[in-house]
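Source file entry_9.cif; content: mmCIF, C-alpha atoms.
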```cif
data_structure
loop_
_atom_site.label_atom_id
_atom_site.label_comp_id
_atom_site.auth_asym_id
_atom_site.auth_seq_id
_atom_site.Cartn_x
_atom_site.Cartn_y
_atom_site.Cartn_z
CA MET A 178 -148.38 -51.67 -37.86
CA ALA A 179 -147.58 -50.23 -34.44
CA ARG A 180 -150.65 -51.90 -33.00
CA PHE A 181 -149.51 -55.27 -34.36
CA LEU A 182 -145.98 -54.85 -33.03
CA ILE A 183 -147.12 -53.79 -29.57
CA LEU A 184 -149.71 -56.57 -29.36
CA PHE A 185 -147.15 -59.12 -30.57
CA LEU A 186 -144.57 -58.06 -27.98
CA VAL A 187 -147.09 -57.87 -25.14
CA ILE A 188 -148.71 -61.25 -25.88
CA GLN A 189 -145.31 -62.88 -26.29
CA ALA A 190 -143.95 -61.36 -23.07
CA VAL A 191 -147.03 -62.39 -21.10
CA LEU A 192 -147.12 -65.95 -22.46
CA PHE A 193 -143.38 -66.36 -22.01
CA GLY A 194 -143.58 -65.03 -18.45
CA ALA A 195 -146.56 -67.28 -17.68
CA GLN A 196 -144.75 -70.44 -18.77
CA LEU A 197 -141.78 -69.48 -16.59
CA THR A 198 -143.89 -69.34 -13.42
CA PRO A 199 -143.90 -72.42 -11.15
CA TRP A 200 -147.55 -72.98 -12.06
CA GLY A 201 -146.78 -72.83 -15.78
CA GLN A 202 -143.86 -75.19 -15.36
CA ASP A 203 -145.74 -77.71 -13.18
CA TYR A 204 -149.00 -77.83 -15.10
CA PHE A 205 -147.90 -77.16 -18.64
CA VAL A 206 -144.19 -77.23 -19.53
CA THR A 207 -143.07 -80.30 -17.56
CA PRO A 208 -146.01 -82.58 -18.55
CA TRP A 209 -145.67 -81.42 -22.16
CA THR A 210 -141.91 -82.08 -22.21
CA ASN A 211 -142.32 -85.52 -20.62
CA GLY A 212 -145.04 -86.38 -23.13
CA LEU A 213 -142.80 -85.21 -25.96
CA ALA A 214 -139.95 -87.47 -24.78
CA HIS A 215 -142.31 -90.46 -24.64
CA PHE A 216 -143.79 -89.66 -28.04
CA CYS A 217 -140.29 -89.45 -29.56
CA ALA A 218 -139.31 -92.73 -27.88
CA GLN A 219 -142.38 -94.46 -29.32
CA LEU A 220 -141.68 -93.03 -32.76
CA VAL A 221 -138.04 -94.13 -32.65
CA ALA A 222 -139.05 -97.56 -31.34
CA ILE A 223 -140.68 -98.27 -34.72
CA PHE A 224 -137.22 -98.75 -36.22
CA ASP A 225 -134.95 -98.82 -33.14
CA SER A 226 -136.18 -100.71 -30.10
CA SER A 227 -133.26 -99.51 -27.96
CA ALA A 228 -134.80 -96.05 -27.37
CA ILE A 229 -136.50 -95.53 -24.02
CA ALA A 230 -137.93 -92.43 -22.34
CA THR A 231 -137.71 -91.64 -18.64
CA GLY A 232 -139.32 -88.35 -17.72
CA LYS A 233 -137.93 -85.80 -20.14
CA ILE A 234 -134.90 -87.95 -21.02
CA LEU A 235 -134.64 -89.96 -24.22
CA ARG A 236 -132.06 -92.71 -23.80
CA SER A 237 -130.46 -95.42 -25.91
CA ALA A 238 -130.37 -98.71 -24.02
CA THR A 239 -127.60 -99.93 -26.35
CA ASN A 240 -124.87 -97.37 -25.65
CA GLY A 241 -126.34 -95.34 -22.79
CA PHE A 242 -126.38 -92.05 -24.73
CA ALA A 243 -129.21 -89.82 -23.58
CA VAL A 244 -130.66 -86.45 -24.46
CA SER A 245 -132.59 -84.41 -21.93
CA ILE A 246 -135.31 -82.22 -23.42
CA GLU A 247 -134.79 -78.87 -21.72
CA ALA A 248 -136.37 -75.46 -22.11
CA GLY A 249 -135.79 -74.24 -25.64
CA CYS A 250 -135.82 -77.80 -27.00
CA ASN A 251 -139.46 -78.61 -26.26
CA GLY A 252 -140.84 -76.25 -28.89
CA VAL A 253 -142.82 -74.29 -26.31
CA GLU A 254 -141.07 -70.97 -26.96
CA ALA A 255 -141.36 -71.30 -30.74
CA THR A 256 -145.05 -72.10 -30.38
CA LEU A 257 -145.55 -69.07 -28.15
CA VAL A 258 -143.92 -66.81 -30.75
CA LEU A 259 -146.28 -68.18 -33.41
CA VAL A 260 -149.30 -67.81 -31.09
CA ALA A 261 -148.36 -64.18 -30.39
CA ALA A 262 -147.86 -63.42 -34.09
CA ILE A 263 -151.19 -64.98 -35.10
CA LEU A 264 -153.18 -63.44 -32.24
CA ALA A 265 -151.68 -60.00 -32.86
CA PHE A 266 -152.41 -60.00 -36.60
CA PRO A 267 -155.84 -58.59 -37.43
CA SER A 268 -158.02 -61.48 -38.60
CA THR A 269 -161.20 -63.29 -37.64
CA TRP A 270 -161.21 -65.76 -34.76
CA LYS A 271 -161.93 -68.59 -37.19
CA GLN A 272 -158.79 -67.71 -39.17
CA LYS A 273 -156.76 -67.43 -35.97
CA LEU A 274 -157.97 -70.83 -34.77
CA TRP A 275 -157.08 -72.76 -37.89
CA GLY A 276 -153.78 -70.88 -38.09
CA LEU A 277 -152.97 -71.84 -34.52
CA GLY A 278 -153.97 -75.48 -35.11
CA ILE A 279 -151.93 -75.97 -38.25
CA GLY A 280 -149.06 -73.84 -36.92
CA PHE A 281 -148.89 -75.86 -33.72
CA LEU A 282 -148.66 -79.10 -35.72
CA ALA A 283 -146.01 -77.66 -38.04
CA VAL A 284 -143.80 -76.38 -35.21
CA GLN A 285 -144.15 -79.42 -32.98
CA GLY A 286 -143.77 -81.79 -35.93
CA LEU A 287 -140.45 -80.21 -36.87
CA ASN A 288 -139.45 -80.21 -33.21
CA VAL A 289 -139.95 -83.98 -33.04
CA VAL A 290 -137.63 -84.26 -36.06
CA ARG A 291 -135.13 -82.05 -34.20
CA ILE A 292 -135.15 -84.20 -31.06
CA ILE A 293 -134.81 -87.48 -32.93
CA SER A 294 -132.08 -86.11 -35.22
CA LEU A 295 -130.14 -84.81 -32.19
CA PHE A 296 -130.56 -88.16 -30.46
CA TYR A 297 -128.79 -89.89 -33.34
CA LEU A 298 -126.34 -87.07 -34.08
CA GLY A 299 -125.10 -87.24 -30.49
CA GLN A 300 -124.45 -90.94 -30.79
CA TRP A 301 -122.47 -90.34 -33.95
CA ASN A 302 -120.45 -87.17 -33.29
CA MET A 303 -120.60 -84.75 -30.35
CA THR A 304 -119.22 -81.80 -32.32
CA ALA A 305 -121.97 -82.18 -34.90
CA PHE A 306 -124.46 -82.56 -32.06
CA GLU A 307 -123.33 -79.32 -30.40
CA TRP A 308 -123.48 -77.40 -33.67
CA ALA A 309 -126.90 -78.70 -34.56
CA HIS A 310 -128.22 -78.29 -31.04
CA LEU A 311 -126.96 -74.80 -30.27
CA TYR A 312 -127.18 -73.08 -33.64
CA ILE A 313 -128.74 -74.94 -36.56
CA TRP A 314 -131.95 -76.30 -35.07
CA GLN A 315 -132.63 -73.20 -32.96
CA ALA A 316 -132.61 -71.13 -36.14
CA LEU A 317 -134.55 -73.67 -38.21
CA ILE A 318 -137.39 -73.96 -35.70
CA MET A 319 -137.87 -70.19 -35.60
CA LEU A 320 -137.62 -70.07 -39.41
CA ASP A 321 -140.40 -72.64 -39.45
CA VAL A 322 -142.48 -70.27 -37.32
CA LEU A 323 -141.86 -67.42 -39.76
CA ILE A 324 -142.75 -69.53 -42.80
CA VAL A 325 -145.94 -70.86 -41.20
CA TRP A 326 -146.97 -67.33 -40.22
CA LEU A 327 -146.28 -65.92 -43.70
CA ILE A 328 -148.25 -68.72 -45.36
CA TRP A 329 -151.10 -68.07 -42.96
CA VAL A 330 -151.05 -64.31 -43.71
CA ARG A 331 -151.00 -65.05 -47.45
CA ARG A 332 -153.94 -67.39 -47.06
CA ILE A 333 -156.08 -64.93 -45.11
CA ASN A 334 -155.15 -62.20 -47.59
CA ARG A 335 -156.41 -64.40 -50.43
CA ASP A 336 -159.60 -65.05 -48.49
CA SER A 337 -160.10 -61.29 -48.17
CA GLY A 338 -159.35 -60.84 -51.86
CA ARG A 339 -162.07 -63.30 -52.81
CA ALA A 340 -164.53 -61.44 -50.62
CA LEU A 341 -163.74 -58.06 -52.12
CA PRO A 342 -162.45 -57.97 -55.69
CA PRO A 343 -160.66 -54.86 -56.93
CA PRO A 344 -163.05 -51.96 -57.58
CA ASP A 345 -163.79 -50.92 -61.15
CA ASP A 346 -163.30 -47.43 -62.56
CA ALA A 347 -166.48 -46.19 -60.93
CA GLY A 348 -165.25 -47.29 -57.54
CA THR A 349 -167.78 -50.12 -57.20
CA PRO A 350 -166.74 -53.68 -56.55
CA GLY A 351 -166.68 -56.19 -59.37
CA PRO A 352 -169.67 -58.37 -60.30
CA SER A 353 -168.71 -61.20 -57.98
CA GLY A 354 -168.11 -58.89 -55.04
CA THR A 355 -170.07 -59.20 -51.84
CA ALA A 356 -169.67 -55.61 -50.77
CA THR A 357 -172.47 -53.10 -51.19
CA PRO A 358 -171.96 -50.59 -54.03
CA THR A 359 -170.44 -47.33 -52.93
CA PRO A 360 -172.20 -44.15 -54.04
CA VAL A 361 -170.48 -42.30 -56.86
CA ALA A 362 -169.49 -38.80 -55.86
CA ALA A 363 -171.49 -36.10 -57.62
CA MET B 164 -119.30 -71.19 -40.93
CA ALA B 165 -118.17 -67.68 -41.95
CA TRP B 166 -120.00 -66.24 -38.96
CA TYR B 167 -118.37 -68.79 -36.65
CA VAL B 168 -114.91 -67.83 -37.87
CA LEU B 169 -115.65 -64.09 -37.84
CA ALA B 170 -117.46 -64.13 -34.48
CA PRO B 171 -114.56 -62.61 -32.47
CA LEU B 172 -114.45 -59.67 -34.92
CA LEU B 173 -118.21 -59.29 -34.99
CA HIS B 174 -118.21 -59.20 -31.18
CA TRP B 175 -115.86 -56.21 -30.99
CA PRO B 176 -118.60 -53.57 -30.70
CA ILE B 177 -120.17 -55.55 -27.88
CA ARG B 178 -116.85 -55.46 -26.04
CA TRP B 179 -116.54 -51.69 -26.51
CA PHE B 180 -120.05 -51.18 -25.23
CA LEU B 181 -119.68 -53.45 -22.20
CA SER B 182 -116.22 -52.07 -21.37
CA GLY B 183 -117.62 -48.57 -21.62
CA MET B 184 -120.41 -49.48 -19.24
CA ALA B 185 -117.89 -50.97 -16.81
CA LEU B 186 -115.79 -47.79 -16.99
CA LEU B 187 -118.87 -45.74 -16.19
CA GLY B 188 -119.58 -48.03 -13.24
CA VAL B 189 -122.72 -49.63 -14.66
CA PRO B 190 -123.25 -51.88 -12.81
CA GLU B 191 -121.07 -50.70 -9.97
CA PHE B 192 -119.53 -54.08 -9.10
CA VAL B 193 -118.18 -54.84 -12.61
CA THR B 194 -114.59 -53.62 -12.84
CA ALA B 195 -113.77 -54.71 -16.40
CA VAL B 196 -115.04 -56.74 -19.33
CA GLN B 197 -112.51 -58.72 -21.34
CA GLN B 198 -113.06 -60.35 -24.70
CA THR B 199 -112.19 -64.03 -24.93
CA LEU B 200 -112.05 -66.15 -28.08
CA HIS B 201 -115.76 -67.00 -28.00
CA GLY B 202 -117.23 -64.35 -25.76
CA PHE B 203 -116.62 -62.13 -22.78
CA GLU B 204 -115.42 -62.31 -19.21
CA PHE B 205 -116.97 -60.02 -16.61
CA LEU B 206 -114.54 -59.19 -13.78
CA THR B 207 -116.03 -57.90 -10.54
CA ASP B 208 -114.92 -56.70 -7.13
CA LEU B 209 -117.34 -59.08 -5.40
CA ALA B 210 -115.95 -61.75 -3.06
CA PRO B 211 -117.24 -65.33 -3.41
CA GLY B 212 -118.76 -65.30 0.09
CA SER B 213 -118.94 -68.37 2.28
CA THR B 214 -120.18 -71.53 0.63
CA PRO B 215 -120.40 -74.78 2.63
CA GLY B 216 -117.80 -77.29 1.44
CA GLN B 217 -115.88 -74.74 -0.62
CA ALA B 218 -112.81 -72.73 0.29
CA PHE B 219 -111.52 -69.70 -1.60
CA ARG B 220 -108.08 -68.10 -1.44
CA PRO B 221 -107.96 -64.67 0.22
CA GLY B 222 -108.72 -61.85 -2.20
CA ALA B 223 -110.64 -64.10 -4.60
CA ILE B 224 -113.15 -62.30 -6.78
CA ILE B 225 -116.17 -63.36 -8.76
CA SER B 226 -115.88 -63.41 -12.54
CA ALA B 227 -118.26 -64.73 -15.16
CA GLU B 228 -117.57 -65.93 -18.67
CA VAL B 229 -120.26 -65.70 -21.32
CA ASP B 230 -120.14 -67.58 -24.62
CA ALA B 231 -121.48 -64.78 -26.83
CA ARG B 232 -121.94 -67.07 -29.84
CA LEU B 233 -125.04 -68.49 -28.20
CA TYR B 234 -126.65 -65.04 -28.37
CA SER B 235 -125.23 -63.75 -31.65
CA TYR B 236 -125.92 -66.66 -34.02
CA GLY B 237 -128.91 -64.66 -35.23
CA THR B 238 -126.38 -62.72 -37.32
CA ALA B 239 -125.70 -65.88 -39.32
CA LEU B 240 -129.42 -66.52 -39.77
CA MET B 241 -130.05 -62.94 -40.87
CA ALA B 242 -127.07 -63.09 -43.27
CA ALA B 243 -128.20 -66.39 -44.78
CA LEU B 244 -131.71 -65.08 -45.40
CA THR B 245 -130.41 -61.78 -46.77
CA LEU B 246 -128.12 -63.50 -49.26
CA ALA B 247 -130.85 -65.98 -50.19
CA ALA B 248 -133.31 -63.14 -50.92
CA TRP B 249 -130.72 -61.71 -53.38
CA HIS B 250 -131.83 -58.11 -52.91
CA PRO B 251 -129.97 -55.64 -55.18
CA LYS B 252 -128.68 -53.92 -52.03
CA ARG B 253 -127.95 -57.12 -50.14
CA TRP B 254 -124.53 -55.99 -48.88
CA ARG B 255 -126.04 -52.79 -47.48
CA ASN B 256 -128.81 -54.87 -45.90
CA LEU B 257 -126.23 -57.19 -44.35
CA TRP B 258 -124.47 -54.22 -42.81
CA TYR B 259 -127.71 -52.62 -41.56
CA GLY B 260 -128.94 -55.97 -40.24
CA TRP B 261 -125.78 -56.52 -38.25
CA LEU B 262 -126.01 -53.00 -36.83
CA MET B 263 -129.66 -53.50 -35.89
CA LEU B 264 -128.91 -56.79 -34.13
CA LEU B 265 -125.95 -55.47 -32.14
CA PRO B 266 -127.88 -53.66 -29.35
CA LEU B 267 -129.99 -56.77 -28.71
CA GLN B 268 -126.90 -58.96 -28.61
CA MET B 269 -125.29 -56.53 -26.17
CA LEU B 270 -128.36 -56.72 -23.96
CA ALA B 271 -128.35 -60.52 -24.10
CA VAL B 272 -124.66 -60.82 -23.19
CA PHE B 273 -125.12 -58.31 -20.37
CA ALA B 274 -128.18 -60.16 -19.01
CA VAL B 275 -126.40 -63.52 -19.11
CA GLY B 276 -123.32 -62.07 -17.41
CA MET B 277 -125.43 -60.51 -14.65
CA LYS B 278 -127.36 -63.75 -14.23
CA GLN B 279 -124.14 -65.71 -13.75
CA ILE B 280 -122.77 -63.20 -11.25
CA LEU B 281 -125.91 -62.51 -9.26
CA LEU B 282 -128.05 -65.62 -9.55
CA SER B 283 -125.53 -68.43 -9.88
CA SER B 284 -122.84 -67.39 -7.39
CA GLY B 285 -124.66 -67.77 -4.10
CA PRO B 286 -126.58 -65.51 -1.72
CA GLY B 287 -123.42 -63.90 -0.31
CA VAL B 288 -122.68 -62.33 -3.70
CA VAL B 289 -126.21 -60.96 -4.09
CA GLU B 290 -125.93 -59.34 -0.65
CA GLN B 291 -122.71 -57.59 -1.63
CA ALA B 292 -124.19 -56.38 -4.91
CA GLY B 293 -127.19 -54.96 -3.08
CA TRP B 294 -129.62 -55.42 -5.95
CA ALA B 295 -133.34 -55.43 -5.17
CA GLN B 296 -135.45 -58.53 -5.71
CA TRP B 297 -137.28 -56.98 -8.67
CA GLN B 298 -133.96 -56.23 -10.37
CA LEU B 299 -132.95 -59.86 -9.96
CA GLU B 300 -136.31 -60.94 -11.41
CA VAL B 301 -135.74 -58.68 -14.43
CA ILE B 302 -132.29 -60.20 -14.95
CA ALA B 303 -133.73 -63.74 -14.68
CA TYR B 304 -136.46 -62.90 -17.21
CA LEU B 305 -134.01 -61.23 -19.60
CA TYR B 306 -131.66 -64.20 -19.29
CA GLN B 307 -134.42 -66.66 -20.20
CA PHE B 308 -135.70 -64.44 -23.00
CA SER B 309 -132.18 -63.87 -24.37
CA THR B 310 -131.40 -67.57 -24.28
CA LEU B 311 -134.62 -69.04 -25.60
CA ILE B 312 -136.25 -66.53 -27.91
CA MET B 313 -134.27 -63.40 -28.69
CA PRO B 314 -131.45 -64.55 -31.05
CA PRO B 315 -133.52 -66.13 -33.84
CA VAL B 316 -136.64 -63.97 -33.45
CA THR B 317 -134.76 -60.68 -33.64
CA ALA B 318 -132.80 -61.93 -36.66
CA LEU B 319 -136.03 -62.82 -38.47
CA ALA B 320 -137.66 -59.53 -37.47
CA VAL B 321 -134.70 -57.52 -38.78
CA TRP B 322 -134.71 -59.51 -42.01
CA LEU B 323 -138.47 -58.90 -42.42
CA ILE B 324 -137.99 -55.15 -41.94
CA LEU B 325 -135.16 -55.00 -44.48
CA HIS B 326 -136.95 -57.20 -47.03
CA ARG B 327 -140.53 -56.00 -46.79
CA THR B 328 -140.98 -55.90 -50.56
CA PHE B 329 -139.74 -59.47 -50.92
CA VAL B 330 -142.13 -60.67 -48.22
CA GLU B 331 -145.04 -58.69 -49.66
CA LYS B 332 -144.51 -60.38 -53.02
CA PHE B 333 -144.92 -63.71 -51.26
CA ILE B 334 -147.97 -62.62 -49.29
CA GLY B 335 -149.48 -60.91 -52.32
CA ALA B 336 -150.33 -57.67 -50.55
CA ASP B 337 -148.84 -54.59 -49.02
CA MET B 338 -148.35 -55.44 -45.35
CA ILE B 339 -149.18 -51.96 -44.06
CA THR B 340 -152.33 -51.75 -46.17
CA LEU B 341 -153.34 -55.21 -45.01
CA LEU B 342 -152.97 -54.20 -41.39
CA ARG B 343 -154.79 -50.89 -41.88
CA THR B 344 -157.63 -52.42 -43.89
CA ASP B 345 -158.24 -55.10 -41.32
CA ARG B 346 -158.14 -52.60 -38.51
CA LYS B 347 -160.86 -50.61 -40.28
CA THR B 348 -162.78 -53.85 -40.60
CA LYS B 349 -162.73 -54.24 -36.86
CA THR B 350 -163.99 -50.71 -36.26
CA GLY B 351 -166.70 -51.14 -38.86
CA ASN B 352 -165.69 -48.37 -41.27
CA VAL B 353 -164.82 -50.65 -44.14
CA ALA B 354 -165.87 -54.23 -43.77
CA PRO B 355 -165.18 -56.36 -46.81
CA ARG B 356 -165.73 -59.64 -45.04
CA ALA B 357 -168.46 -58.47 -42.71
CA THR B 358 -170.67 -56.66 -45.25
CA PRO B 359 -173.84 -58.65 -45.93
CA MET B 360 -174.67 -59.79 -49.43
CA PRO B 361 -177.05 -57.31 -51.18
CA LYS B 362 -180.53 -58.77 -51.47
CA ARG B 363 -181.40 -59.82 -55.00
CA PRO B 364 -184.78 -58.75 -56.34
#
```
Let me see whether you can do it: turn the structure in this file into C-alpha cells.
Amino acid sequence: MARFLILFLVIQAVLFGAQLTPWGQDYFVTPWTNGLAHFCAQLVAIFDSSAIATGKILRSATNGFAVSIEAGCNGVEATLVLVAAILAFPSTWKQKLWGLGIGFLAVQGLNVVRIISLFYLGQWNMTAFEWAHLYIWQALIMLDVLIVWLIWVRRINRDSGRALPPPDDAGTPGPSGTATPTPVAA
Amino acid sequence: MAWYVLAPLLHWPIRWFLSGMALLGVPEFVTAVQQTLHGFEFLTDLAPGSTPGQAFRPGAIISAEVDARLYSYGTALMAALTLAAWHPKRWRNLWYGWLMLLPLQMLAVFAVGMKQILLSSGPGVVEQAGWAQWQLEVIAYLYQFSTLIMPPVTALAVWLILHRTFVEKFIGADMITLLRTDRKTKTGNVAPRATPMPKRP
C-alpha cells in the first residue's frame, strides 16, 4: 500500500512538474489545448455553424461570447492523475497500456463535453457558468478519473481471479487453475 | 449548495491556523490574516515598490485576497460521495473527512496567498521579502498544484480511505491483499499469472 502511495505521488509530482516547464508547455500543453479547441469547434459546428476556434479560444461568431481553454480545463491534469494511478498500481504492462488508452479516451471525452457545455452555459447565464466552471466540472472530471481507475482495478482483479481460482481444502488450485500444485505439508 | 452557504463557517479553522502563523511571524512579512465572506485577506508590511505607470500613496502596503472556496470545494465532493455511499457511520465519516481535508486546504490557501504577494506584486516586493529563488519556485509549484489538482484529488483520496469496504465490494477484492499479492508476483514468490501451465502427459 505504501509503495503504491509513494509511487503515485512521485509519478504525479514528476509529470505535473514536467508539464509546467517551458518545454512541456511549448511542445505538449499548448499544442494539445489548441487542438482541443479546434476539435470542440468542429464538433459544435455539426449543429451550430457559428462556433469558431482561434488558438485555444472557442468563440461564437453570433454573439461574440468566447471561452479560453486554460490550464485545468484542458484535461491534462486529470489525465496525469489517472496515468500516475495506473502506473503506480501493480499490474502487467499490457494491463497498464489498455487502462491508459481507455482512461485517456474517457477523461478527454468527458472534458470535451465540459468545454462544449460551458461554451453554451456562458452564453445563457454567467452565474451558472461560474458555478459549473469552478466547482461542478472540476469535481466531475476527477470523479471520472476515480471511476475509470476503479473499473480498471476491478477488471484486472477479475483477470487475476480467472488465472488463479480459489484453492481447495488441500491448498491446491481448482481444476481450471493454471498454477502448479503446491506440496501438501507433511 | 449547503457547502456554499456554510463555507464561511467551514473556513474558520483555516483562519485560526493562518492567524496563528501570522502571530508567530511565519512568514515574517505577514502581519495579519482576516477572514472575508468567501476567503481570506493576507495583510503584510511590504511596500508596493516602484512600478512604472503606477503611483501609490505613502505608507501603502501589499495585501492579498484569496477566494478559499476555490480550494475547499473538495469538502462538498467528499460530503456528496459520503452521503451517497450511505455508510452506517456516515456522519462520523463526514466529520473525519472534513478534518482530514483541512490541513490540505490550509496549505492551498497559504500557497495561493504567498503566490499573490510574492509572484504577482512585482520584483520590488520580492526583494523586500528576501525569499530565495527556490522558495519562490516551491510556492509557484504549490500554487499550481493547489489550484489544478489538490482540491478534488484529496477529496476523493479521503473518501476512498474512509470507505475502503464500499470500494472493495465494487472491486471484488481486498485492496491491501491485491496490492501485496501483485507485489509478490513481481518478485517471483507467488506468481499466479506468470506460472506456466503444467505439462499434460
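Going from CA of Met178 (chain A) to CA of Arg343 (chain B) covers 7.6 Å.
Among the candidates A:Leu311, A:Leu235, A:Val290, A:Ile324, the residue lying nearest to chain B is A:Leu311 (atoms considered: only C-alpha atoms).
Considering only C-alpha atoms, the residue among B:Leu262, B:Met277, B:Leu325, B:Leu267 positioned nearest to Leu299 (chain B) is B:Met277.
The residues caught by the PyMOL selection byres ((chain A and resi 320) around 10) in this file are A:Ala255, A:Val284, A:Trp314, A:Gln315, A:Ala316, A:Leu317, A:Ile318, A:Met319, A:Asp321, A:Val322, A:Leu323, A:Ile324, A:Val325, A:Trp326, B:Leu240, B:Leu244, B:Pro315, B:Val316, B:Ala318, B:Leu319.
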Store the residues of this selection in a file with C-alpha atoms, as a compact mmCIF listing (two decimals), in the coordinates of the input.
```
# COMPACT_ATOMS: atom_id res chain seq x y z
CA ALA A 255 -141.36 -71.30 -30.74
CA VAL A 284 -143.80 -76.38 -35.21
CA TRP A 314 -131.95 -76.30 -35.07
CA GLN A 315 -132.63 -73.20 -32.96
CA ALA A 316 -132.61 -71.13 -36.14
CA LEU A 317 -134.55 -73.67 -38.21
CA ILE A 318 -137.39 -73.96 -35.70
CA MET A 319 -137.87 -70.19 -35.60
CA ASP A 321 -140.40 -72.64 -39.45
CA VAL A 322 -142.48 -70.27 -37.32
CA LEU A 323 -141.86 -67.42 -39.76
CA ILE A 324 -142.75 -69.53 -42.80
CA VAL A 325 -145.94 -70.86 -41.20
CA TRP A 326 -146.97 -67.33 -40.22
CA LEU B 240 -129.42 -66.52 -39.77
CA LEU B 244 -131.71 -65.08 -45.40
CA PRO B 315 -133.52 -66.13 -33.84
CA VAL B 316 -136.64 -63.97 -33.45
CA ALA B 318 -132.80 -61.93 -36.66
CA LEU B 319 -136.03 -62.82 -38.47
```
Step by step, work through what the PyMOL selection byres ((chain A) within 10 of (chain B)) selects in the shown file, and finish by giving those residues as a PDB file with C-alpha atoms, keeping the file's coordinate frame.
```
ATOM      1  CA  MET A 178    -148.380 -51.670 -37.860  1.00  0.00           C
ATOM      2  CA  ALA A 179    -147.580 -50.230 -34.440  1.00  0.00           C
ATOM      3  CA  ARG A 180    -150.650 -51.900 -33.000  1.00  0.00           C
ATOM      4  CA  PHE A 181    -149.510 -55.270 -34.360  1.00  0.00           C
ATOM      5  CA  GLN A 189    -145.310 -62.880 -26.290  1.00  0.00           C
ATOM      6  CA  ALA A 190    -143.950 -61.360 -23.070  1.00  0.00           C
ATOM      7  CA  PHE A 193    -143.380 -66.360 -22.010  1.00  0.00           C
ATOM      8  CA  GLY A 194    -143.580 -65.030 -18.450  1.00  0.00           C
ATOM      9  CA  LEU A 197    -141.780 -69.480 -16.590  1.00  0.00           C
ATOM     10  CA  ALA A 248    -136.370 -75.460 -22.110  1.00  0.00           C
ATOM     11  CA  GLY A 249    -135.790 -74.240 -25.640  1.00  0.00           C
ATOM     12  CA  CYS A 250    -135.820 -77.800 -27.000  1.00  0.00           C
ATOM     13  CA  VAL A 253    -142.820 -74.290 -26.310  1.00  0.00           C
ATOM     14  CA  GLU A 254    -141.070 -70.970 -26.960  1.00  0.00           C
ATOM     15  CA  ALA A 255    -141.360 -71.300 -30.740  1.00  0.00           C
ATOM     16  CA  LEU A 257    -145.550 -69.070 -28.150  1.00  0.00           C
ATOM     17  CA  VAL A 258    -143.920 -66.810 -30.750  1.00  0.00           C
ATOM     18  CA  PHE A 266    -152.410 -60.000 -36.600  1.00  0.00           C
ATOM     19  CA  PRO A 267    -155.840 -58.590 -37.430  1.00  0.00           C
ATOM     20  CA  SER A 268    -158.020 -61.480 -38.600  1.00  0.00           C
ATOM     21  CA  THR A 269    -161.200 -63.290 -37.640  1.00  0.00           C
ATOM     22  CA  LEU A 311    -126.960 -74.800 -30.270  1.00  0.00           C
ATOM     23  CA  TYR A 312    -127.180 -73.080 -33.640  1.00  0.00           C
ATOM     24  CA  ILE A 313    -128.740 -74.940 -36.560  1.00  0.00           C
ATOM     25  CA  GLN A 315    -132.630 -73.200 -32.960  1.00  0.00           C
ATOM     26  CA  ALA A 316    -132.610 -71.130 -36.140  1.00  0.00           C
ATOM     27  CA  LEU A 317    -134.550 -73.670 -38.210  1.00  0.00           C
ATOM     28  CA  ILE A 318    -137.390 -73.960 -35.700  1.00  0.00           C
ATOM     29  CA  MET A 319    -137.870 -70.190 -35.600  1.00  0.00           C
ATOM     30  CA  LEU A 320    -137.620 -70.070 -39.410  1.00  0.00           C
ATOM     31  CA  VAL A 322    -142.480 -70.270 -37.320  1.00  0.00           C
ATOM     32  CA  LEU A 323    -141.860 -67.420 -39.760  1.00  0.00           C
ATOM     33  CA  LEU A 327    -146.280 -65.920 -43.700  1.00  0.00           C
ATOM     34  CA  ILE A 328    -148.250 -68.720 -45.360  1.00  0.00           C
ATOM     35  CA  TRP A 329    -151.100 -68.070 -42.960  1.00  0.00           C
ATOM     36  CA  VAL A 330    -151.050 -64.310 -43.710  1.00  0.00           C
ATOM     37  CA  ARG A 331    -151.000 -65.050 -47.450  1.00  0.00           C
ATOM     38  CA  ARG A 332    -153.940 -67.390 -47.060  1.00  0.00           C
ATOM     39  CA  ILE A 333    -156.080 -64.930 -45.110  1.00  0.00           C
ATOM     40  CA  ASN A 334    -155.150 -62.200 -47.590  1.00  0.00           C
ATOM     41  CA  ARG A 335    -156.410 -64.400 -50.430  1.00  0.00           C
ATOM     42  CA  ASP A 336    -159.600 -65.050 -48.490  1.00  0.00           C
ATOM     43  CA  SER A 337    -160.100 -61.290 -48.170  1.00  0.00           C
ATOM     44  CA  GLY A 338    -159.350 -60.840 -51.860  1.00  0.00           C
ATOM     45  CA  ARG A 339    -162.070 -63.300 -52.810  1.00  0.00           C
ATOM     46  CA  ALA A 340    -164.530 -61.440 -50.620  1.00  0.00           C
ATOM     47  CA  LEU A 341    -163.740 -58.060 -52.120  1.00  0.00           C
ATOM     48  CA  PRO A 342    -162.450 -57.970 -55.690  1.00  0.00           C
ATOM     49  CA  GLY A 354    -168.110 -58.890 -55.040  1.00  0.00           C
ATOM     50  CA  THR A 355    -170.070 -59.200 -51.840  1.00  0.00           C
ATOM     51  CA  ALA A 356    -169.670 -55.610 -50.770  1.00  0.00           C
ATOM     52  CA  THR A 357    -172.470 -53.100 -51.190  1.00  0.00           C
ATOM     53  CA  PRO A 358    -171.960 -50.590 -54.030  1.00  0.00           C
TER      54      PRO A 358
END
```
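The spacing separating CA of Ala283 (chain A) from CA of Ile234 (chain A) amounts to 22.8 Å.
For the pair CA of Trp270 (chain A) and CA of Leu282 (chain A), the separation is 18.3 Å.
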Could you work out an axis-aligned bounding box for all listed atoms of region 288-293 of chain A, with 6 Å added on each of the six sides, and give its centre and edge lengths in Å to one decimal, as JSON?
```
{"center_x": -137.4, "center_y": -83.8, "center_z": -33.6, "size_x": 17.1, "size_y": 19.3, "size_z": 17.0}
```
Closest to Tyr306 (chain B) among B:Pro176, B:Gly183, B:Pro221, B:Gly276, using only C-alpha atoms?
->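 Residue with the minimum atom-to-atom distance to Tyr306 (chain B): B:Gly276.
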